[in-house]
file data13.txt (compact mmCIF, N, CA, C and O atoms and all ligand atoms)
# COMPACT_ATOMS: atom_id res chain seq x y z
N MET M 223 51.56 78.62 149.59
CA MET M 223 52.05 78.71 148.21
C MET M 223 53.57 78.54 148.18
O MET M 223 54.30 79.14 148.95
N THR M 224 54.00 77.68 147.27
CA THR M 224 55.42 77.33 147.26
C THR M 224 56.16 78.00 146.11
O THR M 224 55.72 77.96 144.99
N ASP M 225 57.26 78.58 146.44
CA ASP M 225 58.14 79.15 145.41
C ASP M 225 59.09 78.05 144.92
O ASP M 225 59.86 77.51 145.68
N GLY M 226 59.03 77.73 143.64
CA GLY M 226 59.80 76.59 143.13
C GLY M 226 61.25 76.89 142.85
O GLY M 226 62.03 75.99 142.55
N SER M 227 61.63 78.13 142.95
CA SER M 227 63.00 78.46 142.54
C SER M 227 64.05 77.84 143.45
O SER M 227 65.16 77.55 143.03
N TRP M 228 63.72 77.63 144.69
CA TRP M 228 64.73 77.08 145.60
C TRP M 228 65.09 75.64 145.24
O TRP M 228 66.17 75.18 145.55
N LEU M 229 64.17 74.96 144.56
CA LEU M 229 64.47 73.60 144.14
C LEU M 229 65.63 73.57 143.16
O LEU M 229 66.45 72.67 143.16
N LEU M 230 65.70 74.57 142.31
CA LEU M 230 66.79 74.61 141.35
C LEU M 230 68.13 74.79 142.05
O LEU M 230 69.13 74.25 141.64
N LEU M 231 68.12 75.53 143.11
CA LEU M 231 69.36 75.76 143.82
C LEU M 231 69.83 74.51 144.55
O LEU M 231 71.01 74.23 144.66
N LYS M 232 68.88 73.73 145.02
CA LYS M 232 69.25 72.55 145.79
C LYS M 232 69.52 71.33 144.92
O LYS M 232 70.34 70.50 145.26
N GLY M 233 68.86 71.26 143.79
CA GLY M 233 68.87 70.01 143.04
C GLY M 233 69.92 69.93 141.96
O GLY M 233 69.67 69.40 140.90
N ASP M 234 71.10 70.46 142.18
CA ASP M 234 72.16 70.39 141.19
C ASP M 234 73.42 69.79 141.83
O ASP M 234 74.30 70.51 142.27
N PRO M 235 73.49 68.48 141.89
CA PRO M 235 74.62 67.84 142.60
C PRO M 235 75.97 68.10 141.93
O PRO M 235 77.00 68.01 142.58
N ASP M 236 75.95 68.40 140.64
CA ASP M 236 77.22 68.63 139.95
C ASP M 236 77.92 69.89 140.45
O ASP M 236 79.11 70.06 140.28
N ARG M 237 77.14 70.76 141.05
CA ARG M 237 77.74 72.03 141.47
C ARG M 237 78.30 71.97 142.88
O ARG M 237 78.97 72.88 143.31
N VAL M 238 78.01 70.92 143.58
CA VAL M 238 78.48 70.84 144.96
C VAL M 238 79.61 69.83 145.11
O VAL M 238 79.95 69.42 146.18
N ARG M 239 80.19 69.45 143.99
CA ARG M 239 81.32 68.51 144.04
C ARG M 239 82.53 69.20 144.68
O ARG M 239 82.86 70.32 144.34
N VAL M 240 83.14 68.51 145.58
CA VAL M 240 84.27 69.08 146.29
C VAL M 240 85.49 69.14 145.37
O VAL M 240 85.80 68.16 144.71
N PRO M 241 86.14 70.27 145.32
CA PRO M 241 87.35 70.39 144.49
C PRO M 241 88.41 69.39 144.91
O PRO M 241 88.63 69.15 146.09
N GLY M 242 89.06 68.79 143.93
CA GLY M 242 90.13 67.86 144.24
C GLY M 242 89.69 66.41 144.24
O GLY M 242 90.50 65.52 144.44
N THR M 243 88.42 66.17 144.01
CA THR M 243 87.94 64.80 144.02
C THR M 243 87.38 64.42 142.65
O THR M 243 86.41 63.72 142.53
N THR M 244 88.03 64.93 141.62
CA THR M 244 87.53 64.67 140.27
C THR M 244 87.93 63.29 139.77
O THR M 244 87.39 62.82 138.79
N GLU M 245 88.88 62.65 140.43
CA GLU M 245 89.32 61.35 139.98
C GLU M 245 88.40 60.26 140.53
O GLU M 245 88.66 59.66 141.55
N ILE M 246 87.31 60.07 139.84
CA ILE M 246 86.36 59.05 140.24
C ILE M 246 86.44 57.92 139.23
O ILE M 246 86.07 58.09 138.08
N PRO M 247 86.95 56.76 139.64
CA PRO M 247 87.13 55.65 138.69
C PRO M 247 85.82 55.27 138.02
O PRO M 247 84.81 55.04 138.68
N GLY M 248 85.86 55.22 136.70
CA GLY M 248 84.69 54.80 135.97
C GLY M 248 83.63 55.86 135.81
O GLY M 248 82.61 55.64 135.17
N HIS M 249 83.84 57.02 136.40
CA HIS M 249 82.83 58.06 136.31
C HIS M 249 82.86 58.74 134.95
O HIS M 249 81.83 59.05 134.40
N ARG M 250 84.07 58.93 134.44
CA ARG M 250 84.18 59.55 133.13
C ARG M 250 84.56 58.50 132.09
O ARG M 250 85.23 57.53 132.40
N GLN M 251 84.13 58.73 130.88
CA GLN M 251 84.42 57.77 129.83
C GLN M 251 85.91 57.74 129.53
O GLN M 251 86.51 56.69 129.37
N ARG M 252 86.49 58.90 129.45
CA ARG M 252 87.89 58.96 129.05
C ARG M 252 88.72 59.43 130.24
O ARG M 252 88.70 60.60 130.60
N VAL M 253 89.39 58.49 130.85
CA VAL M 253 90.21 58.82 132.01
C VAL M 253 91.60 59.23 131.53
O VAL M 253 92.29 58.47 130.87
N SER M 254 91.96 60.42 131.85
CA SER M 254 93.26 60.92 131.42
C SER M 254 93.99 61.52 132.60
O SER M 254 93.58 62.53 133.16
N ARG M 255 95.05 60.86 132.99
CA ARG M 255 95.87 61.39 134.07
C ARG M 255 97.14 61.98 133.49
O ARG M 255 97.59 61.59 132.42
N ILE M 256 97.69 62.90 134.20
CA ILE M 256 98.91 63.54 133.76
C ILE M 256 99.99 63.28 134.80
O ILE M 256 99.79 63.56 135.98
N ARG M 257 101.10 62.75 134.32
CA ARG M 257 102.20 62.51 135.26
C ARG M 257 103.51 62.45 134.50
O ARG M 257 103.54 62.17 133.31
N CYS M 258 104.57 62.70 135.23
CA CYS M 258 105.90 62.67 134.63
C CYS M 258 106.26 61.25 134.23
O CYS M 258 106.16 60.34 135.05
N PRO M 259 106.66 61.03 132.98
CA PRO M 259 107.05 59.68 132.55
C PRO M 259 108.28 59.17 133.29
O PRO M 259 108.54 57.97 133.32
N ARG M 260 109.03 60.05 133.87
CA ARG M 260 110.30 59.66 134.50
C ARG M 260 110.14 59.37 135.99
O ARG M 260 110.68 58.39 136.49
N CYS M 261 109.45 60.24 136.69
CA CYS M 261 109.38 60.07 138.15
C CYS M 261 107.95 59.95 138.65
O CYS M 261 107.72 59.87 139.84
N ALA M 262 106.98 59.97 137.72
CA ALA M 262 105.57 59.77 138.06
C ALA M 262 105.00 60.92 138.87
O ALA M 262 103.95 60.78 139.48
N TRP M 263 105.68 62.05 138.85
CA TRP M 263 105.14 63.23 139.53
C TRP M 263 103.89 63.72 138.78
O TRP M 263 103.87 63.78 137.56
N GLU M 264 102.87 64.04 139.54
CA GLU M 264 101.63 64.51 138.93
C GLU M 264 101.47 66.00 139.17
O GLU M 264 101.29 66.44 140.31
N PRO M 265 101.56 66.80 138.12
CA PRO M 265 101.40 68.24 138.27
C PRO M 265 99.97 68.60 138.65
O PRO M 265 99.01 67.95 138.21
N GLY M 266 99.84 69.61 139.46
CA GLY M 266 98.52 70.07 139.85
C GLY M 266 98.12 71.31 139.07
O GLY M 266 98.86 71.79 138.21
N ARG M 267 96.96 71.81 139.40
CA ARG M 267 96.45 72.99 138.70
C ARG M 267 97.31 74.22 138.96
O ARG M 267 97.35 75.14 138.16
N ASN M 268 97.98 74.22 140.08
CA ASN M 268 98.73 75.41 140.46
C ASN M 268 100.17 75.38 139.97
O ASN M 268 100.93 76.31 140.23
N ASP M 269 100.54 74.31 139.28
CA ASP M 269 101.90 74.22 138.78
C ASP M 269 102.01 74.94 137.44
O ASP M 269 101.16 74.76 136.56
N LEU M 270 103.04 75.75 137.32
CA LEU M 270 103.14 76.62 136.15
C LEU M 270 104.47 76.42 135.43
O LEU M 270 105.48 76.08 136.03
N TRP M 271 104.42 76.67 134.12
CA TRP M 271 105.63 76.62 133.31
C TRP M 271 105.83 77.99 132.66
O TRP M 271 104.86 78.74 132.45
N MET M 272 107.07 78.27 132.31
CA MET M 272 107.34 79.55 131.67
C MET M 272 107.90 79.34 130.28
O MET M 272 108.82 78.55 130.07
N CYS M 273 107.34 80.07 129.32
CA CYS M 273 107.78 80.00 127.94
C CYS M 273 108.98 80.93 127.73
O CYS M 273 109.32 81.76 128.57
N LEU M 274 109.62 80.76 126.59
CA LEU M 274 110.73 81.66 126.24
C LEU M 274 110.27 83.10 126.11
O LEU M 274 111.05 84.03 126.25
N CYS M 275 108.97 83.28 125.85
CA CYS M 275 108.43 84.63 125.76
C CYS M 275 108.06 85.18 127.14
O CYS M 275 107.46 86.24 127.25
N LEU M 276 108.39 84.41 128.17
CA LEU M 276 108.16 84.78 129.57
C LEU M 276 106.70 84.68 130.00
O LEU M 276 106.35 85.11 131.09
N HIS M 277 105.89 84.12 129.13
CA HIS M 277 104.51 83.87 129.54
C HIS M 277 104.49 82.67 130.50
O HIS M 277 105.20 81.70 130.30
N ILE M 278 103.69 82.80 131.55
CA ILE M 278 103.60 81.75 132.55
C ILE M 278 102.19 81.18 132.56
O ILE M 278 101.22 81.92 132.68
N TRP M 279 102.11 79.87 132.44
CA TRP M 279 100.78 79.23 132.40
C TRP M 279 100.94 77.75 132.72
O TRP M 279 102.04 77.23 132.83
N ASN M 280 99.83 77.08 132.87
CA ASN M 280 99.86 75.63 133.07
C ASN M 280 99.84 74.97 131.69
O ASN M 280 98.85 75.02 130.98
N THR M 281 100.95 74.36 131.34
CA THR M 281 101.12 73.85 129.98
C THR M 281 100.15 72.73 129.64
O THR M 281 99.87 72.47 128.47
N PHE M 282 99.61 72.07 130.65
CA PHE M 282 98.68 70.98 130.38
C PHE M 282 97.26 71.47 130.13
O PHE M 282 96.39 70.71 129.74
N ASP M 283 97.04 72.75 130.36
CA ASP M 283 95.75 73.33 130.00
C ASP M 283 95.63 73.50 128.49
O ASP M 283 94.54 73.58 127.94
N THR M 284 96.77 73.60 127.83
CA THR M 284 96.77 73.89 126.40
C THR M 284 97.50 72.82 125.60
O THR M 284 97.82 73.04 124.44
N ARG M 285 97.77 71.70 126.22
CA ARG M 285 98.53 70.62 125.58
C ARG M 285 99.86 71.13 125.03
O ARG M 285 100.25 70.84 123.89
N GLY M 286 100.54 71.91 125.81
CA GLY M 286 101.89 72.32 125.47
C GLY M 286 102.01 73.53 124.57
O GLY M 286 103.10 73.86 124.12
N VAL M 287 100.89 74.19 124.32
CA VAL M 287 100.93 75.37 123.47
C VAL M 287 100.92 76.63 124.34
O VAL M 287 100.05 76.81 125.18
N CYS M 288 101.91 77.51 124.11
CA CYS M 288 101.97 78.74 124.89
C CYS M 288 100.87 79.69 124.42
O CYS M 288 100.79 80.03 123.25
N PRO M 289 100.04 80.15 125.36
CA PRO M 289 98.97 81.10 125.00
C PRO M 289 99.52 82.47 124.63
O PRO M 289 98.84 83.28 124.01
N GLY M 290 100.76 82.72 125.04
CA GLY M 290 101.32 84.04 124.80
C GLY M 290 101.83 84.22 123.39
O GLY M 290 101.56 85.22 122.73
N CYS M 291 102.58 83.22 122.87
CA CYS M 291 103.19 83.37 121.56
C CYS M 291 102.81 82.26 120.60
O CYS M 291 103.17 82.30 119.43
N GLY M 292 102.07 81.28 121.08
CA GLY M 292 101.61 80.21 120.20
C GLY M 292 102.63 79.12 119.96
O GLY M 292 102.40 78.20 119.19
N ARG M 293 103.75 79.19 120.63
CA ARG M 293 104.78 78.17 120.47
C ARG M 293 104.29 76.85 121.04
O ARG M 293 103.77 76.79 122.14
N LYS M 294 104.48 75.78 120.28
CA LYS M 294 104.10 74.46 120.76
C LYS M 294 105.32 73.76 121.32
O LYS M 294 106.32 73.57 120.62
N TRP M 295 105.22 73.38 122.58
CA TRP M 295 106.32 72.70 123.24
C TRP M 295 106.15 71.19 123.09
O TRP M 295 105.28 70.59 123.69
N ALA M 296 107.00 70.60 122.25
CA ALA M 296 106.91 69.16 122.03
C ALA M 296 107.36 68.40 123.26
O ALA M 296 106.96 67.27 123.49
N GLU M 297 108.20 69.04 124.07
CA GLU M 297 108.66 68.39 125.29
C GLU M 297 108.36 69.29 126.49
O GLU M 297 108.34 70.51 126.37
N THR M 298 108.12 68.64 127.61
CA THR M 298 107.78 69.36 128.83
C THR M 298 108.75 68.96 129.93
O THR M 298 109.03 67.79 130.12
N GLN M 299 109.23 69.95 130.63
CA GLN M 299 110.17 69.68 131.72
C GLN M 299 109.41 69.42 133.02
O GLN M 299 108.51 70.18 133.38
N CYS M 300 109.81 68.36 133.70
CA CYS M 300 109.22 68.06 134.99
C CYS M 300 109.71 69.06 136.02
O CYS M 300 110.89 69.39 136.08
N LEU M 301 108.79 69.54 136.83
CA LEU M 301 109.18 70.51 137.85
C LEU M 301 109.81 69.85 139.07
O LEU M 301 110.34 70.51 139.94
N ARG M 302 109.74 68.53 139.11
CA ARG M 302 110.31 67.84 140.26
C ARG M 302 111.68 67.23 139.93
O ARG M 302 112.66 67.46 140.63
N CYS M 303 111.74 66.45 138.82
CA CYS M 303 113.01 65.78 138.51
C CYS M 303 113.80 66.55 137.45
O CYS M 303 114.92 66.18 137.14
N ALA M 304 113.19 67.60 136.89
CA ALA M 304 113.86 68.49 135.95
C ALA M 304 114.24 67.80 134.65
O ALA M 304 115.05 68.31 133.89
N GLN M 305 113.66 66.65 134.37
CA GLN M 305 113.92 65.94 133.12
C GLN M 305 112.90 66.36 132.07
O GLN M 305 111.74 66.63 132.38
N TRP M 306 113.36 66.39 130.81
CA TRP M 306 112.45 66.72 129.72
C TRP M 306 111.87 65.44 129.15
O TRP M 306 112.58 64.47 128.91
N SER M 307 110.58 65.47 128.90
CA SER M 307 109.91 64.31 128.30
C SER M 307 108.93 64.81 127.24
O SER M 307 108.40 65.91 127.35
N PRO M 308 108.69 63.99 126.21
CA PRO M 308 107.69 64.37 125.21
C PRO M 308 106.34 64.67 125.85
O PRO M 308 105.90 63.93 126.74
N HIS M 309 105.73 65.76 125.43
CA HIS M 309 104.51 66.21 126.09
C HIS M 309 103.43 65.12 126.09
O HIS M 309 102.72 64.93 127.08
N ASP M 310 103.33 64.40 124.98
CA ASP M 310 102.30 63.38 124.88
C ASP M 310 102.52 62.24 125.87
O ASP M 310 101.57 61.56 126.26
N ASP M 311 103.78 62.04 126.25
CA ASP M 311 104.07 60.96 127.18
C ASP M 311 103.55 61.25 128.58
O ASP M 311 103.46 60.36 129.42
N TRP M 312 103.26 62.51 128.82
CA TRP M 312 102.74 62.88 130.15
C TRP M 312 101.30 62.42 130.34
O TRP M 312 100.85 62.24 131.45
N TYR M 313 100.59 62.26 129.23
CA TYR M 313 99.19 61.88 129.34
C TYR M 313 99.10 60.37 129.47
O TYR M 313 99.47 59.63 128.55
N ASP M 314 98.64 59.94 130.60
CA ASP M 314 98.57 58.52 130.88
C ASP M 314 97.15 58.03 130.65
O ASP M 314 96.41 57.74 131.57
N ASP M 315 96.81 57.95 129.38
CA ASP M 315 95.46 57.51 129.04
C ASP M 315 95.32 56.01 129.23
O ASP M 315 96.24 55.24 128.95
N GLU M 316 94.16 55.61 129.70
CA GLU M 316 93.93 54.18 129.83
C GLU M 316 93.68 53.55 128.47
O GLU M 316 94.01 52.41 128.22
N ARG M 317 93.08 54.33 127.60
CA ARG M 317 92.85 53.81 126.25
C ARG M 317 94.10 54.07 125.40
O ARG M 317 94.83 55.02 125.61
N ASP M 318 94.30 53.24 124.42
CA ASP M 318 95.44 53.40 123.54
C ASP M 318 95.19 54.58 122.61
O ASP M 318 94.31 54.55 121.77
N SER M 319 95.97 55.64 122.81
CA SER M 319 95.76 56.85 122.04
C SER M 319 96.92 57.10 121.09
O SER M 319 97.29 58.22 120.83
N SER M 320 97.50 56.03 120.59
CA SER M 320 98.66 56.17 119.72
C SER M 320 98.27 56.67 118.35
O SER M 320 99.10 57.16 117.60
N ALA M 321 97.00 56.52 118.01
CA ALA M 321 96.58 56.91 116.66
C ALA M 321 96.61 58.42 116.50
O ALA M 321 96.14 59.14 117.34
ZN ZN S 1 105.43 81.84 124.58
ZN ZN S 2 109.71 64.00 136.88
call {"tool": "encode", "arguments": {"input": "data13.txt", "output": "structure tokens"}}
result
Amino acid sequence: MTDGSWLLLKGDPDRVRVPGTTEIPGHRQRVSRIRCPRCAWEPGRNDLWMCLCLHIWNTFDTRGVCPGCGRKWAETQCLRCAQWSPHDDWYDDERDSSA
């Protein structure tokens, strides 16, 4: 007699994806990369920004909105070249998202 529950554990390939390999060309409909418009630095998940309210978070998780005070940062400072650039310019969409 077979217990079918183990099949559920084995048959879910989406759960065994290795972290850090999410950039699969053509896998997702909307490819959106984030990088500094000035030096092409790509921030990772562990890169953090600090708001004037001293809240620290990854600004690209919220599209530049501070979760602490709700302030929207129209510009984002690069942690590598220290230049400020419009937050939207960081999103390097393949599709034209000017609208
Ligand atoms: Zn804040
Ligand atoms: Zn930069």
call {"tool": "residues_near_ligand", "arguments": {"input": "data13.txt", "ligand": "ligand ZN 1 (chain S)", "cutoff": "9 Å", "atoms": "only C-alpha atoms and all ligand atoms", "output": "NGL selection string"}}
result
:M and (272-278 or 287-294)
call {"tool": "residues_near_ligand", "arguments": {"input": "data13.txt", "ligand": "ligand ZN 2 (chain S)", "cutoff": "7 Å", "atoms": "only C-alpha atoms and all ligand atoms", "output": "PDB file with N, CA, C and O atoms, in the coordinates of the input"}}
result
ATOM      1  N   CYS M 258     104.570  62.700 135.230  1.00  0.00           N
ATOM      2  CA  CYS M 258     105.900  62.670 134.630  1.00  0.00           C
ATOM      3  C   CYS M 258     106.260  61.250 134.230  1.00  0.00           C
ATOM      4  O   CYS M 258     106.160  60.340 135.050  1.00  0.00           O
ATOM      5  N   PRO M 259     106.660  61.030 132.980  1.00  0.00           N
ATOM      6  CA  PRO M 259     107.050  59.680 132.550  1.00  0.00           C
ATOM      7  C   PRO M 259     108.280  59.170 133.290  1.00  0.00           C
ATOM      8  O   PRO M 259     108.540  57.970 133.320  1.00  0.00           O
ATOM      9  N   ARG M 260     109.030  60.050 133.870  1.00  0.00           N
ATOM     10  CA  ARG M 260     110.300  59.660 134.500  1.00  0.00           C
ATOM     11  C   ARG M 260     110.140  59.370 135.990  1.00  0.00           C
ATOM     12  O   ARG M 260     110.680  58.390 136.490  1.00  0.00           O
ATOM     13  N   CYS M 261     109.450  60.240 136.690  1.00  0.00           N
ATOM     14  CA  CYS M 261     109.380  60.070 138.150  1.00  0.00           C
ATOM     15  C   CYS M 261     107.950  59.950 138.650  1.00  0.00           C
ATOM     16  O   CYS M 261     107.720  59.870 139.840  1.00  0.00           O
ATOM     17  N   ALA M 262     106.980  59.970 137.720  1.00  0.00           N
ATOM     18  CA  ALA M 262     105.570  59.770 138.060  1.00  0.00           C
ATOM     19  C   ALA M 262     105.000  60.920 138.870  1.00  0.00           C
ATOM     20  O   ALA M 262     103.950  60.780 139.480  1.00  0.00           O
ATOM     21  N   TRP M 263     105.680  62.050 138.850  1.00  0.00           N
ATOM     22  CA  TRP M 263     105.140  63.230 139.530  1.00  0.00           C
ATOM     23  C   TRP M 263     103.890  63.720 138.780  1.00  0.00           C
ATOM     24  O   TRP M 263     103.870  63.780 137.560  1.00  0.00           O
ATOM     25  N   CYS M 300     109.810  68.360 133.700  1.00  0.00           N
ATOM     26  CA  CYS M 300     109.220  68.060 134.990  1.00  0.00           C
ATOM     27  C   CYS M 300     109.710  69.060 136.020  1.00  0.00           C
ATOM     28  O   CYS M 300     110.890  69.390 136.080  1.00  0.00           O
ATOM     29  N   LEU M 301     108.790  69.540 136.830  1.00  0.00           N
ATOM     30  CA  LEU M 301     109.180  70.510 137.850  1.00  0.00           C
ATOM     31  C   LEU M 301     109.810  69.850 139.070  1.00  0.00           C
ATOM     32  O   LEU M 301     110.340  70.510 139.940  1.00  0.00           O
ATOM     33  N   ARG M 302     109.740  68.530 139.110  1.00  0.00           N
ATOM     34  CA  ARG M 302     110.310  67.840 140.260  1.00  0.00           C
ATOM     35  C   ARG M 302     111.680  67.230 139.930  1.00  0.00           C
ATOM     36  O   ARG M 302     112.660  67.460 140.630  1.00  0.00           O
ATOM     37  N   CYS M 303     111.740  66.450 138.820  1.00  0.00           N
ATOM     38  CA  CYS M 303     113.010  65.780 138.510  1.00  0.00           C
ATOM     39  C   CYS M 303     113.800  66.550 137.450  1.00  0.00           C
ATOM     40  O   CYS M 303     114.920  66.180 137.140  1.00  0.00           O
ATOM     41  N   ALA M 304     113.190  67.600 136.890  1.00  0.00           N
ATOM     42  CA  ALA M 304     113.860  68.490 135.950  1.00  0.00           C
ATOM     43  C   ALA M 304     114.240  67.800 134.650  1.00  0.00           C
ATOM     44  O   ALA M 304     115.050  68.310 133.890  1.00  0.00           O
ATOM     45  N   GLN M 305     113.660  66.650 134.370  1.00  0.00           N
ATOM     46  CA  GLN M 305     113.920  65.940 133.120  1.00  0.00           C
ATOM     47  C   GLN M 305     112.900  66.360 132.070  1.00  0.00           C
ATOM     48  O   GLN M 305     111.740  66.630 132.380  1.00  0.00           O
TER      49      GLN M 305
END
call {"tool": "select_by_dssp", "arguments": {"input": "data13.txt", "residues": "stretch 247-315 of chain M", "states": "strand (DSSP E)", "output": "list in words"}}
result
Ser254, Arg255, Ile256, Trp271, Met272, Ile278, Trp279, Glu297, Thr298, Gln299, Trp306, Ser307, Pro308, Tyr313, Asp314 and Asp315 of chain M
call {"tool": "atom_distance", "arguments": {"input": "data13.txt", "atom1": "atom CA of M:Asn268", "atom2": "atom O of M:Trp306"}}
result
21.1 Å
call {"tool": "closest_residue", "arguments": {"input": "data13.txt", "among": "M:Glu264, M:Arg257, M:Asp314, M:His309", "to": "M:Arg285", "atoms": "only N, CA, C and O atoms"}}
result
M:His309
call {"tool": "atom_distance", "arguments": {"input": "data13.txt", "atom1": "atom O of M:Ala296", "atom2": "atom C of M:Ile256"}}
result
13.9 Å
call {"tool": "closest_residue", "arguments": {"input": "data13.txt", "among": "M:Asp315, M:Glu297, M:Asp269, M:Asp310", "to": "M:Ser254", "atoms": "only N, CA, C and O atoms"}}
result
M:Asp315
call {"tool": "atom_distance", "arguments": {"input": "data13.txt", "atom1": "atom CA of M:Pro308", "atom2": "atom CA of M:Trp279"}}
result
17.9 Å
call {"tool": "axis_aligned_box", "arguments": {"input": "data13.txt", "around": "stretch 298-304 of chain M", "padding_each_side": "4 Å", "output": "lines of an AutoDock Vina configuration file"}}
result
center_x = 111.4
center_y = 68.1
center_z = 134.1
size_x = 15.3
size_y = 12.7
size_z = 21.0
call {"tool": "build_atoms", "arguments": {"input": "data13.txt", "residues": "stretch 264-271 of chain M", "atoms": "all heavy atoms", "output": "tab-separated table (two decimals), in the coordinates of the input"}}
result
chain	number	residue	atom	x	y	z
M	264	GLU	N	102.87	64.04	139.54
M	264	GLU	CA	101.63	64.51	138.93
M	264	GLU	C	101.47	66.00	139.17
M	264	GLU	O	101.29	66.44	140.31
M	264	GLU	CB	100.43	63.76	139.52
M	264	GLU	CG	100.47	62.28	139.22
M	264	GLU	CD	99.21	61.57	139.73
M	264	GLU	OE1	98.15	62.23	139.79
M	264	GLU	OE2	99.30	60.39	140.06
M	265	PRO	N	101.56	66.80	138.12
M	265	PRO	CA	101.40	68.24	138.27
M	265	PRO	C	99.97	68.60	138.65
M	265	PRO	O	99.01	67.95	138.21
M	265	PRO	CB	101.76	68.79	136.89
M	265	PRO	CG	101.52	67.66	135.95
M	265	PRO	CD	101.78	66.40	136.73
M	266	GLY	N	99.84	69.61	139.46
M	266	GLY	CA	98.52	70.07	139.85
M	266	GLY	C	98.12	71.31	139.07
M	266	GLY	O	98.86	71.79	138.21
M	267	ARG	N	96.96	71.81	139.40
M	267	ARG	CA	96.45	72.99	138.70
M	267	ARG	C	97.31	74.22	138.96
M	267	ARG	O	97.35	75.14	138.16
M	267	ARG	CB	95.03	73.28	139.17
M	267	ARG	CG	94.01	72.33	138.58
M	267	ARG	CD	92.62	72.71	139.04
M	267	ARG	NE	91.63	72.24	138.07
M	267	ARG	CZ	91.23	72.96	137.04
M	267	ARG	NH1	91.74	74.14	136.84
M	267	ARG	NH2	90.33	72.51	136.20
M	268	ASN	N	97.98	74.22	140.08
M	268	ASN	CA	98.73	75.41	140.46
M	268	ASN	C	100.17	75.38	139.97
M	268	ASN	O	100.93	76.31	140.23
M	268	ASN	CB	98.71	75.59	141.98
M	268	ASN	CG	97.30	75.84	142.49
M	268	ASN	OD1	96.51	76.48	141.82
M	268	ASN	ND2	97.00	75.33	143.66
M	269	ASP	N	100.54	74.31	139.28
M	269	ASP	CA	101.90	74.22	138.78
M	269	ASP	C	102.01	74.94	137.44
M	269	ASP	O	101.16	74.76	136.56
M	269	ASP	CB	102.31	72.75	138.63
M	269	ASP	CG	102.46	72.08	139.99
M	269	ASP	OD1	103.22	72.61	140.81
M	269	ASP	OD2	101.78	71.07	140.21
M	270	LEU	N	103.04	75.75	137.32
M	270	LEU	CA	103.14	76.62	136.15
M	270	LEU	C	104.47	76.42	135.43
M	270	LEU	O	105.48	76.08	136.03
M	270	LEU	CB	103.01	78.09	136.58
M	270	LEU	CG	101.70	78.44	137.29
M	270	LEU	CD1	101.76	79.85	137.85
M	270	LEU	CD2	100.53	78.30	136.33
M	271	TRP	N	104.42	76.67	134.12
M	271	TRP	CA	105.63	76.62	133.31
M	271	TRP	C	105.83	77.99	132.66
M	271	TRP	O	104.86	78.74	132.45
M	271	TRP	CB	105.50	75.57	132.21
M	271	TRP	CG	105.68	74.17	132.71
M	271	TRP	CD1	106.78	73.39	132.55
M	271	TRP	CD2	104.75	73.36	133.45
M	271	TRP	NE1	106.60	72.16	133.15
M	271	TRP	CE2	105.36	72.12	133.70
M	271	TRP	CE3	103.45	73.57	133.92
M	271	TRP	CZ2	104.72	71.11	134.42
M	271	TRP	CZ3	102.82	72.57	134.62
M	271	TRP	CH2	103.45	71.35	134.87
